[in-house]
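Structure below is run25.cif: mmCIF, C-alpha atoms.
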data_final
loop_
_atom_site.label_atom_id
_atom_site.label_comp_id
_atom_site.auth_asym_id
_atom_site.auth_seq_id
_atom_site.Cartn_x
_atom_site.Cartn_y
_atom_site.Cartn_z
CA MET A 1 -8.44 25.51 5.55
CA GLU A 2 -5.83 23.09 6.80
CA GLU A 3 -3.65 21.17 4.35
CA TYR A 4 -3.35 17.45 4.92
CA PRO A 5 0.01 15.71 4.39
CA VAL A 6 -1.56 12.73 2.60
CA THR A 7 -4.18 12.85 -0.11
CA ILE A 8 -5.66 10.15 -2.27
CA GLY A 9 -7.30 11.09 -5.55
CA VAL A 10 -9.72 8.80 -7.35
CA GLU A 11 -11.28 9.59 -10.71
CA HIS A 12 -14.80 8.35 -11.35
CA LYS A 13 -15.03 5.99 -14.31
CA GLU A 14 -18.36 5.45 -15.99
CA ARG A 15 -17.51 1.95 -17.16
CA LEU A 16 -15.07 -0.60 -15.78
CA SER A 17 -13.81 -3.61 -17.67
CA ARG A 18 -16.18 -6.51 -16.95
CA LEU A 19 -13.49 -9.13 -17.50
CA THR A 20 -11.00 -7.66 -15.04
CA THR A 21 -13.79 -6.93 -12.55
CA PHE A 22 -14.78 -10.60 -12.58
CA PHE A 23 -11.21 -11.85 -12.06
CA ARG A 24 -10.04 -8.97 -9.87
CA TYR A 25 -9.68 -10.88 -6.60
CA PHE A 26 -7.86 -13.76 -8.28
CA MET A 27 -5.47 -11.29 -9.89
CA ALA A 28 -4.77 -9.68 -6.50
CA ILE A 29 -3.77 -12.93 -4.78
CA PRO A 30 -0.05 -12.61 -5.72
CA HIS A 31 -0.04 -9.07 -4.32
CA TYR A 32 -1.57 -10.18 -1.04
CA ILE A 33 0.95 -13.02 -0.71
CA CYS A 34 3.84 -10.56 -1.14
CA LEU A 35 2.21 -7.95 1.08
CA TYR A 36 1.72 -10.50 3.87
CA GLY A 37 5.45 -11.17 4.11
CA ILE A 38 6.41 -7.55 3.66
CA GLY A 39 3.80 -6.56 6.26
CA ILE A 40 5.47 -8.79 8.84
CA ALA A 41 8.81 -7.17 8.01
CA ALA A 42 7.21 -3.70 8.21
CA GLY A 43 5.85 -4.51 11.66
CA VAL A 44 9.31 -5.55 12.87
CA ILE A 45 10.83 -2.40 11.36
CA VAL A 46 8.23 -0.20 13.04
CA PHE A 47 9.07 -1.83 16.39
CA ILE A 48 12.80 -1.25 15.84
CA SER A 49 12.11 2.31 14.69
CA TRP A 50 10.11 3.00 17.83
CA TRP A 51 13.17 2.21 19.93
CA ALA A 52 15.40 4.27 17.64
CA ILE A 53 13.03 7.24 17.94
CA LEU A 54 12.88 6.80 21.71
CA PHE A 55 16.67 6.98 22.13
CA THR A 56 17.80 9.20 19.23
CA ALA A 57 14.67 11.35 18.66
CA ARG A 58 14.96 10.58 14.92
CA TYR A 59 13.08 8.26 12.63
CA PRO A 60 15.67 6.24 10.65
CA LYS A 61 15.38 7.24 7.00
CA TRP A 62 15.72 3.67 5.70
CA ALA A 63 12.88 2.50 7.96
CA PHE A 64 10.66 5.43 6.97
CA LYS A 65 11.15 4.69 3.26
CA PHE A 66 10.41 0.99 3.72
CA VAL A 67 7.21 1.53 5.72
CA ILE A 68 5.95 4.26 3.39
CA GLY A 69 6.65 2.05 0.37
CA TYR A 70 4.70 -0.79 1.98
CA LEU A 71 1.74 1.49 2.73
CA ARG A 72 1.73 2.87 -0.83
CA TRP A 73 1.70 -0.63 -2.30
CA TYR A 74 -1.03 -1.78 0.10
CA THR A 75 -3.15 1.28 -0.73
CA ARG A 76 -2.86 0.67 -4.49
CA VAL A 77 -3.86 -2.99 -4.13
CA SER A 78 -6.77 -2.09 -1.84
CA GLY A 79 -7.99 0.52 -4.31
CA TYR A 80 -7.81 -2.04 -7.10
CA CYS A 81 -9.80 -4.63 -5.12
CA LEU A 82 -12.39 -2.07 -4.02
CA LEU A 83 -13.08 -1.17 -7.68
CA LEU A 84 -11.67 2.34 -7.33
CA THR A 85 -9.39 1.86 -10.32
CA ASP A 86 -9.17 -0.45 -13.29
CA LYS A 87 -5.38 -0.22 -13.51
CA TYR A 88 -3.51 -3.31 -12.27
CA PRO A 89 -1.13 -2.23 -9.45
CA PRO A 90 2.60 -2.76 -9.98
CA PHE A 91 4.75 -4.91 -7.70
CA SER A 92 6.67 -1.91 -6.42
CA PHE A 93 7.23 0.35 -3.44
CA ASP A 94 7.19 3.41 -5.71
#
Go through the file and emit its structure as structure tokens.
Amino acid sequence: MEEYPVTIGVEHKERLSRLTTFFRYFMAIPHYICLYGIGIAAGVIVFISWWAILFTARYPKWAFKFVIGYLRWYTRVSGYCLLLTDKYPPFSFD
């Protein structure tokens, strides 16, 4: 069996909080505002990284960390909005 480099684990919860489920999308608006701006920056960094990889055959470490941090944050917010978790996501790349 082949190992995958990225895994996402979700635990099934029998009951979710009704109050946070009702207000979930309103609570995610600040995240989506931040992620919109950071997503534009991530797109620019990916474009710059593509050129760096083309000429140096290396992915710049600072660019890799930024893009991975953005994807982690986006995944946590998406999981929260899709009712996969009841935990409010932090405003963080970690």
Translate the PyMOL selection byres ((chain A and resi 34) around 12) into a concrete residue list for this structure, as a PyMOL selection string. chain A and resi 28-33+35-41+70+73-74+77+90-93
CA of Val46 in chain A and CA of Tyr88 in chain A, how far apart in Å?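 Pair CA of Tyr88 in chain A / CA of Val46 in chain A returns 28.1 Å.
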Run the PyMOL selection byres ((chain A and resi 12) around 12) against the file shown and list the residues it catches, as a list in words.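 In the shown coordinates, the PyMOL selection byres ((chain A and resi 12) around 12) covers Gly9, Val10, Glu11, Lys13, Glu14, Arg15, Leu16, Leu83, Leu84, Thr85 and Asp86 of chain A.
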At what distance in Å, to one decimal, does CA of Val6 in chain A lie from CA of Phe55 in chain A? 27.3 Å
Using CA of Arg24 in chain A and CA of Ala42 in chain A as the two end points, give the distance in Å to one decimal.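 Distance reported for this atom pair: 25.5 Å.
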Looking at A:Ile68, A:Ala52, A:Ile8, A:Cys81, which one is nearest to Phe23 in chain A, with distances taken over all atoms listed in the file?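 Between A:Ile68, A:Ala52, A:Ile8, A:Cys81, the residue approaching Phe23 in chain A most closely is A:Cys81.
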Which one of A:Pro89, A:Thr56, A:Trp50, A:Lys61 sits closest to Thr75 in chain A if you count all atoms listed in the file?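 For Thr75 in chain A, the nearest of the given residues is A:Pro89.
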Please write the residues picked by the PyMOL selection byres ((chain A and resi 49) around 9) on this file as a PDB file with C-alpha atoms, in the coordinates of the input.
ATOM      1  CA  VAL A  44       9.310  -5.550  12.870  1.00  0.00           C
ATOM      2  CA  ILE A  45      10.830  -2.400  11.360  1.00  0.00           C
ATOM      3  CA  VAL A  46       8.230  -0.200  13.040  1.00  0.00           C
ATOM      4  CA  PHE A  47       9.070  -1.830  16.390  1.00  0.00           C
ATOM      5  CA  ILE A  48      12.800  -1.250  15.840  1.00  0.00           C
ATOM      6  CA  TRP A  50      10.110   3.000  17.830  1.00  0.00           C
ATOM      7  CA  TRP A  51      13.170   2.210  19.930  1.00  0.00           C
ATOM      8  CA  ALA A  52      15.400   4.270  17.640  1.00  0.00           C
ATOM      9  CA  ILE A  53      13.030   7.240  17.940  1.00  0.00           C
ATOM     10  CA  LEU A  54      12.880   6.800  21.710  1.00  0.00           C
ATOM     11  CA  ARG A  58      14.960  10.580  14.920  1.00  0.00           C
ATOM     12  CA  TYR A  59      13.080   8.260  12.630  1.00  0.00           C
ATOM     13  CA  PRO A  60      15.670   6.240  10.650  1.00  0.00           C
ATOM     14  CA  ALA A  63      12.880   2.500   7.960  1.00  0.00           C
ATOM     15  CA  PHE A  64      10.660   5.430   6.970  1.00  0.00           C
TER      16      PHE A  64
END
